[in-house]
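Visitor: Enclosed is the structure file coords-v1.cif (mmCIF, N, CA and C atoms and all ligand atoms).
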data_start
#
loop_
_atom_site.label_atom_id
_atom_site.label_comp_id
_atom_site.auth_asym_id
_atom_site.auth_seq_id
_atom_site.Cartn_x
_atom_site.Cartn_y
_atom_site.Cartn_z
N MET A 10 -14.20 -18.29 -40.51
CA MET A 10 -13.19 -18.37 -39.44
C MET A 10 -12.57 -17.01 -39.15
N THR A 11 -12.46 -16.22 -40.22
CA THR A 11 -11.88 -14.89 -40.00
C THR A 11 -12.78 -14.07 -39.09
N GLY A 12 -14.09 -14.30 -39.25
CA GLY A 12 -15.05 -13.55 -38.43
C GLY A 12 -14.84 -13.86 -36.96
N LEU A 13 -14.63 -15.11 -36.68
CA LEU A 13 -14.44 -15.53 -35.29
C LEU A 13 -13.15 -14.92 -34.72
N GLY A 14 -12.10 -14.95 -35.57
CA GLY A 14 -10.84 -14.37 -35.14
C GLY A 14 -11.01 -12.91 -34.81
N TYR A 15 -11.77 -12.23 -35.63
CA TYR A 15 -12.00 -10.80 -35.40
C TYR A 15 -12.71 -10.58 -34.07
N THR A 16 -13.74 -11.41 -33.84
CA THR A 16 -14.49 -11.27 -32.59
C THR A 16 -13.57 -11.52 -31.39
N ASN A 17 -12.73 -12.53 -31.56
CA ASN A 17 -11.80 -12.85 -30.47
C ASN A 17 -10.88 -11.67 -30.17
N LYS A 18 -10.45 -11.03 -31.26
CA LYS A 18 -9.54 -9.89 -31.11
C LYS A 18 -10.24 -8.79 -30.31
N ILE A 19 -11.47 -8.50 -30.70
CA ILE A 19 -12.26 -7.47 -30.00
C ILE A 19 -12.43 -7.88 -28.55
N TYR A 20 -12.75 -9.14 -28.37
CA TYR A 20 -12.97 -9.65 -27.02
C TYR A 20 -11.71 -9.48 -26.18
N ASN A 21 -10.58 -9.85 -26.78
CA ASN A 21 -9.33 -9.73 -26.05
C ASN A 21 -9.02 -8.29 -25.69
N GLN A 22 -9.29 -7.40 -26.65
CA GLN A 22 -9.05 -5.99 -26.39
C GLN A 22 -9.90 -5.52 -25.22
N LYS A 23 -11.13 -5.98 -25.24
CA LYS A 23 -12.06 -5.58 -24.18
C LYS A 23 -11.54 -6.08 -22.83
N VAL A 24 -11.12 -7.33 -22.81
CA VAL A 24 -10.61 -7.92 -21.58
C VAL A 24 -9.38 -7.16 -21.11
N MET A 25 -8.52 -6.85 -22.05
CA MET A 25 -7.30 -6.14 -21.69
C MET A 25 -7.61 -4.77 -21.09
N THR A 26 -8.57 -4.09 -21.70
CA THR A 26 -8.93 -2.76 -21.20
C THR A 26 -9.50 -2.88 -19.79
N THR A 27 -10.38 -3.87 -19.63
CA THR A 27 -10.98 -4.05 -18.31
C THR A 27 -9.90 -4.36 -17.28
N ARG A 28 -8.98 -5.21 -17.71
CA ARG A 28 -7.90 -5.60 -16.81
C ARG A 28 -7.08 -4.36 -16.43
N ASP A 29 -6.80 -3.53 -17.43
CA ASP A 29 -6.03 -2.33 -17.16
C ASP A 29 -6.76 -1.41 -16.20
N GLU A 30 -8.05 -1.30 -16.40
CA GLU A 30 -8.83 -0.44 -15.53
C GLU A 30 -8.80 -0.95 -14.09
N ASN A 31 -8.92 -2.27 -13.98
CA ASN A 31 -8.85 -2.87 -12.66
C ASN A 31 -7.47 -2.64 -12.05
N HIS A 32 -6.48 -2.75 -12.92
CA HIS A 32 -5.10 -2.63 -12.44
C HIS A 32 -4.87 -1.24 -11.84
N LYS A 33 -5.51 -0.26 -12.42
CA LYS A 33 -5.33 1.11 -11.92
C LYS A 33 -5.82 1.22 -10.48
N GLN A 34 -6.90 0.51 -10.18
CA GLN A 34 -7.47 0.60 -8.84
C GLN A 34 -6.72 -0.27 -7.85
N LYS A 35 -6.17 -1.36 -8.40
CA LYS A 35 -5.49 -2.31 -7.51
C LYS A 35 -4.14 -1.77 -7.08
N LYS A 36 -3.79 -2.10 -5.88
CA LYS A 36 -2.47 -1.74 -5.38
C LYS A 36 -1.87 -2.96 -4.72
N VAL A 37 -0.55 -2.96 -4.62
CA VAL A 37 0.12 -4.04 -3.92
C VAL A 37 0.52 -3.52 -2.55
N CYS A 38 0.11 -4.25 -1.56
CA CYS A 38 0.39 -3.84 -0.19
C CYS A 38 1.89 -3.73 0.03
N ALA A 39 2.31 -2.63 0.63
CA ALA A 39 3.73 -2.38 0.84
C ALA A 39 4.32 -3.30 1.90
N ILE A 40 3.46 -3.94 2.66
CA ILE A 40 3.95 -4.81 3.74
C ILE A 40 3.91 -6.27 3.34
N CYS A 41 2.73 -6.77 2.99
CA CYS A 41 2.62 -8.20 2.73
C CYS A 41 2.65 -8.54 1.24
N GLY A 42 2.60 -7.53 0.38
CA GLY A 42 2.71 -7.77 -1.05
C GLY A 42 1.44 -8.26 -1.70
N LYS A 43 0.35 -8.29 -0.92
CA LYS A 43 -0.93 -8.75 -1.43
C LYS A 43 -1.57 -7.66 -2.29
N GLU A 44 -2.26 -8.11 -3.36
CA GLU A 44 -2.98 -7.14 -4.17
C GLU A 44 -4.28 -6.79 -3.50
N PHE A 45 -4.62 -5.53 -3.53
CA PHE A 45 -5.88 -5.13 -2.91
C PHE A 45 -6.40 -3.89 -3.61
N VAL A 46 -7.67 -3.64 -3.43
CA VAL A 46 -8.28 -2.45 -4.01
C VAL A 46 -8.53 -1.47 -2.87
N PRO A 47 -7.78 -0.40 -2.82
CA PRO A 47 -7.92 0.53 -1.71
C PRO A 47 -9.21 1.33 -1.78
N LEU A 48 -9.81 1.53 -0.65
CA LEU A 48 -11.01 2.37 -0.59
C LEU A 48 -10.61 3.82 -0.83
N ASP A 49 -9.46 4.16 -0.31
CA ASP A 49 -8.90 5.49 -0.50
C ASP A 49 -7.68 5.34 -1.39
N PRO A 50 -7.57 6.13 -2.46
CA PRO A 50 -6.42 5.98 -3.36
C PRO A 50 -5.08 6.25 -2.68
N ARG A 51 -5.12 6.87 -1.51
CA ARG A 51 -3.87 7.12 -0.79
C ARG A 51 -3.43 5.93 0.04
N ASN A 52 -4.34 4.96 0.22
CA ASN A 52 -4.01 3.78 1.02
C ASN A 52 -2.86 3.01 0.40
N LYS A 53 -1.93 2.62 1.21
CA LYS A 53 -0.78 1.86 0.73
C LYS A 53 -0.82 0.44 1.25
N PHE A 54 -1.71 0.17 2.20
CA PHE A 54 -1.70 -1.13 2.85
C PHE A 54 -3.07 -1.78 2.75
N CYS A 55 -3.05 -3.12 2.71
CA CYS A 55 -4.28 -3.86 2.47
C CYS A 55 -5.17 -3.88 3.70
N SER A 56 -4.58 -3.75 4.87
CA SER A 56 -5.38 -3.87 6.09
C SER A 56 -4.79 -3.00 7.18
N LEU A 57 -5.55 -2.87 8.24
CA LEU A 57 -5.08 -2.11 9.39
C LEU A 57 -3.84 -2.75 9.99
N LEU A 58 -3.82 -4.08 9.95
CA LEU A 58 -2.68 -4.80 10.49
C LEU A 58 -1.39 -4.41 9.78
N CYS A 59 -1.48 -4.34 8.45
CA CYS A 59 -0.30 -3.98 7.65
C CYS A 59 0.05 -2.52 7.88
N LYS A 60 -0.94 -1.70 8.03
CA LYS A 60 -0.71 -0.28 8.28
C LYS A 60 0.04 -0.12 9.60
N GLU A 61 -0.42 -0.89 10.56
CA GLU A 61 0.19 -0.86 11.89
C GLU A 61 1.64 -1.37 11.81
N ALA A 62 1.83 -2.44 11.04
CA ALA A 62 3.17 -3.01 10.88
C ALA A 62 4.09 -2.00 10.22
N ALA A 63 3.58 -1.29 9.25
CA ALA A 63 4.38 -0.29 8.54
C ALA A 63 4.76 0.84 9.48
N ARG A 64 3.83 1.20 10.33
CA ARG A 64 4.09 2.28 11.27
C ARG A 64 5.21 1.89 12.23
N LYS A 65 5.13 0.64 12.68
CA LYS A 65 6.16 0.11 13.57
C LYS A 65 7.51 0.11 12.87
N LEU A 66 7.50 -0.39 11.64
CA LEU A 66 8.73 -0.47 10.86
C LEU A 66 9.35 0.91 10.69
N ASN A 67 8.52 1.86 10.31
CA ASN A 67 9.00 3.22 10.11
C ASN A 67 9.57 3.79 11.39
N ARG A 68 8.89 3.52 12.47
CA ARG A 68 9.32 4.05 13.75
C ARG A 68 10.68 3.46 14.13
N ASP A 69 10.80 2.12 13.93
CA ASP A 69 12.07 1.47 14.25
C ASP A 69 13.19 2.01 13.38
N ARG A 70 12.89 2.19 12.09
CA ARG A 70 13.89 2.69 11.16
C ARG A 70 14.30 4.10 11.58
N TRP A 71 13.30 4.88 11.95
CA TRP A 71 13.57 6.26 12.34
C TRP A 71 14.42 6.28 13.60
N ARG A 72 14.07 5.44 14.54
CA ARG A 72 14.82 5.36 15.80
C ARG A 72 16.26 4.97 15.55
N ASN A 73 16.45 4.01 14.63
CA ASN A 73 17.81 3.55 14.34
C ASN A 73 18.65 4.67 13.74
N SER A 74 17.99 5.54 12.97
CA SER A 74 18.76 6.61 12.34
C SER A 74 18.85 7.84 13.24
N HIS A 75 18.12 7.83 14.35
CA HIS A 75 18.21 8.94 15.30
C HIS A 75 18.46 8.39 16.70
N PRO A 76 19.60 7.77 16.91
CA PRO A 76 19.82 7.15 18.22
C PRO A 76 19.85 8.21 19.33
N GLY A 77 19.18 7.88 20.42
CA GLY A 77 19.19 8.79 21.55
C GLY A 77 18.11 9.85 21.51
N TYR A 78 17.59 10.12 20.33
CA TYR A 78 16.60 11.19 20.23
C TYR A 78 15.33 10.81 20.98
N ASN A 79 14.91 9.59 20.79
CA ASN A 79 13.63 9.17 21.36
C ASN A 79 13.61 9.25 22.87
N THR A 80 14.68 8.80 23.52
CA THR A 80 14.72 8.81 24.98
C THR A 80 14.65 10.25 25.49
N GLU A 81 15.41 11.13 24.84
CA GLU A 81 15.39 12.53 25.25
C GLU A 81 14.01 13.13 25.03
N TYR A 82 13.46 12.81 23.90
CA TYR A 82 12.14 13.34 23.57
C TYR A 82 11.11 12.87 24.59
N MET A 83 11.20 11.57 24.94
CA MET A 83 10.23 11.01 25.88
C MET A 83 10.40 11.64 27.27
N ARG A 84 11.63 11.94 27.63
CA ARG A 84 11.88 12.57 28.92
C ARG A 84 11.20 13.94 28.95
N GLU A 85 11.38 14.69 27.89
CA GLU A 85 10.75 16.01 27.79
C GLU A 85 9.24 15.87 27.79
N TYR A 86 8.79 14.88 27.07
CA TYR A 86 7.35 14.67 26.94
C TYR A 86 6.73 14.36 28.29
N ARG A 87 7.41 13.52 29.06
CA ARG A 87 6.89 13.15 30.38
C ARG A 87 6.88 14.37 31.29
N LYS A 88 7.92 15.18 31.20
CA LYS A 88 8.00 16.38 32.01
C LYS A 88 6.79 17.27 31.70
N ARG A 89 6.52 17.40 30.42
CA ARG A 89 5.46 18.30 29.98
C ARG A 89 4.07 17.80 30.43
N THR A 90 3.89 16.49 30.40
CA THR A 90 2.56 15.95 30.69
C THR A 90 2.29 15.88 32.20
N LYS A 91 3.36 15.96 32.99
CA LYS A 91 3.18 15.86 34.44
C LYS A 91 2.54 17.12 35.03
ZN ZN B 1 -0.90 -6.16 3.55
#
Can you turn what I pasted into structure tokens?

Guide:
Amino acid sequence: MTGLGYTNKIYNQKVMTTRDENHKQKKVCAICGKEFVPLDPRNKFCSLLCKEAARKLNRDRWRNSHPGYNTEYMREYRKRTK
């Protein structure tokens, strides 16, 4: 029985290591909270949809903290592109 316990211990260690290795690759999406494995280690979002949502969120947050800036900027931008 001790032999079996020993094997189980090794097995568990192996599983734990594998799990840890997987965990390193896995990330939790900053938007929907889903676990995913990013193709690029810099990826923070599970999908393009979430990336897009994050961009919108950031933009809204930025706008809220810079009231009036966007309208002025857009006015200048339109002037320049005309
Ligand atoms: Zn997501």

Visitor: Return the single residue from A:Ile40, A:Asn52, A:Thr80, A:Ala63 that is closest to ligand ZN 1 (chain B), with distances computed using all atoms listed in the file.

Guide: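 Using all atoms listed in the file, ligand ZN 1 (chain B) sits closest to A:Ile40.
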
Visitor: Once 3 Å is added on each side, what are the centre and the three edge lengths, in Å to one decimal, of the axis-aligned box enclosing the listed atoms of stretch 35-45 of chain A? Present them as lines of an AutoDock Vina configuration file.

Guide:
center_x = -1.0
center_y = -5.1
center_z = -2.3
size_x = 16.7
size_y = 13.4
size_z = 18.1

Visitor: List as a ChimeraX atom specification the protein and nucleic acid residues lying within 8 Å of ligand ZN 1 (chain B), with only N, CA and C atoms and all ligand atoms counted.

Guide: /A:37-44,53-60

Visitor: For A:Gln34, which residue among A:Lys65, A:Arg51, A:Arg84, A:Arg70 is the nearest when counting only C-alpha atoms?

Guide: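 Among A:Lys65, A:Arg51, A:Arg84, A:Arg70, it is A:Arg51 that comes nearest to A:Gln34.
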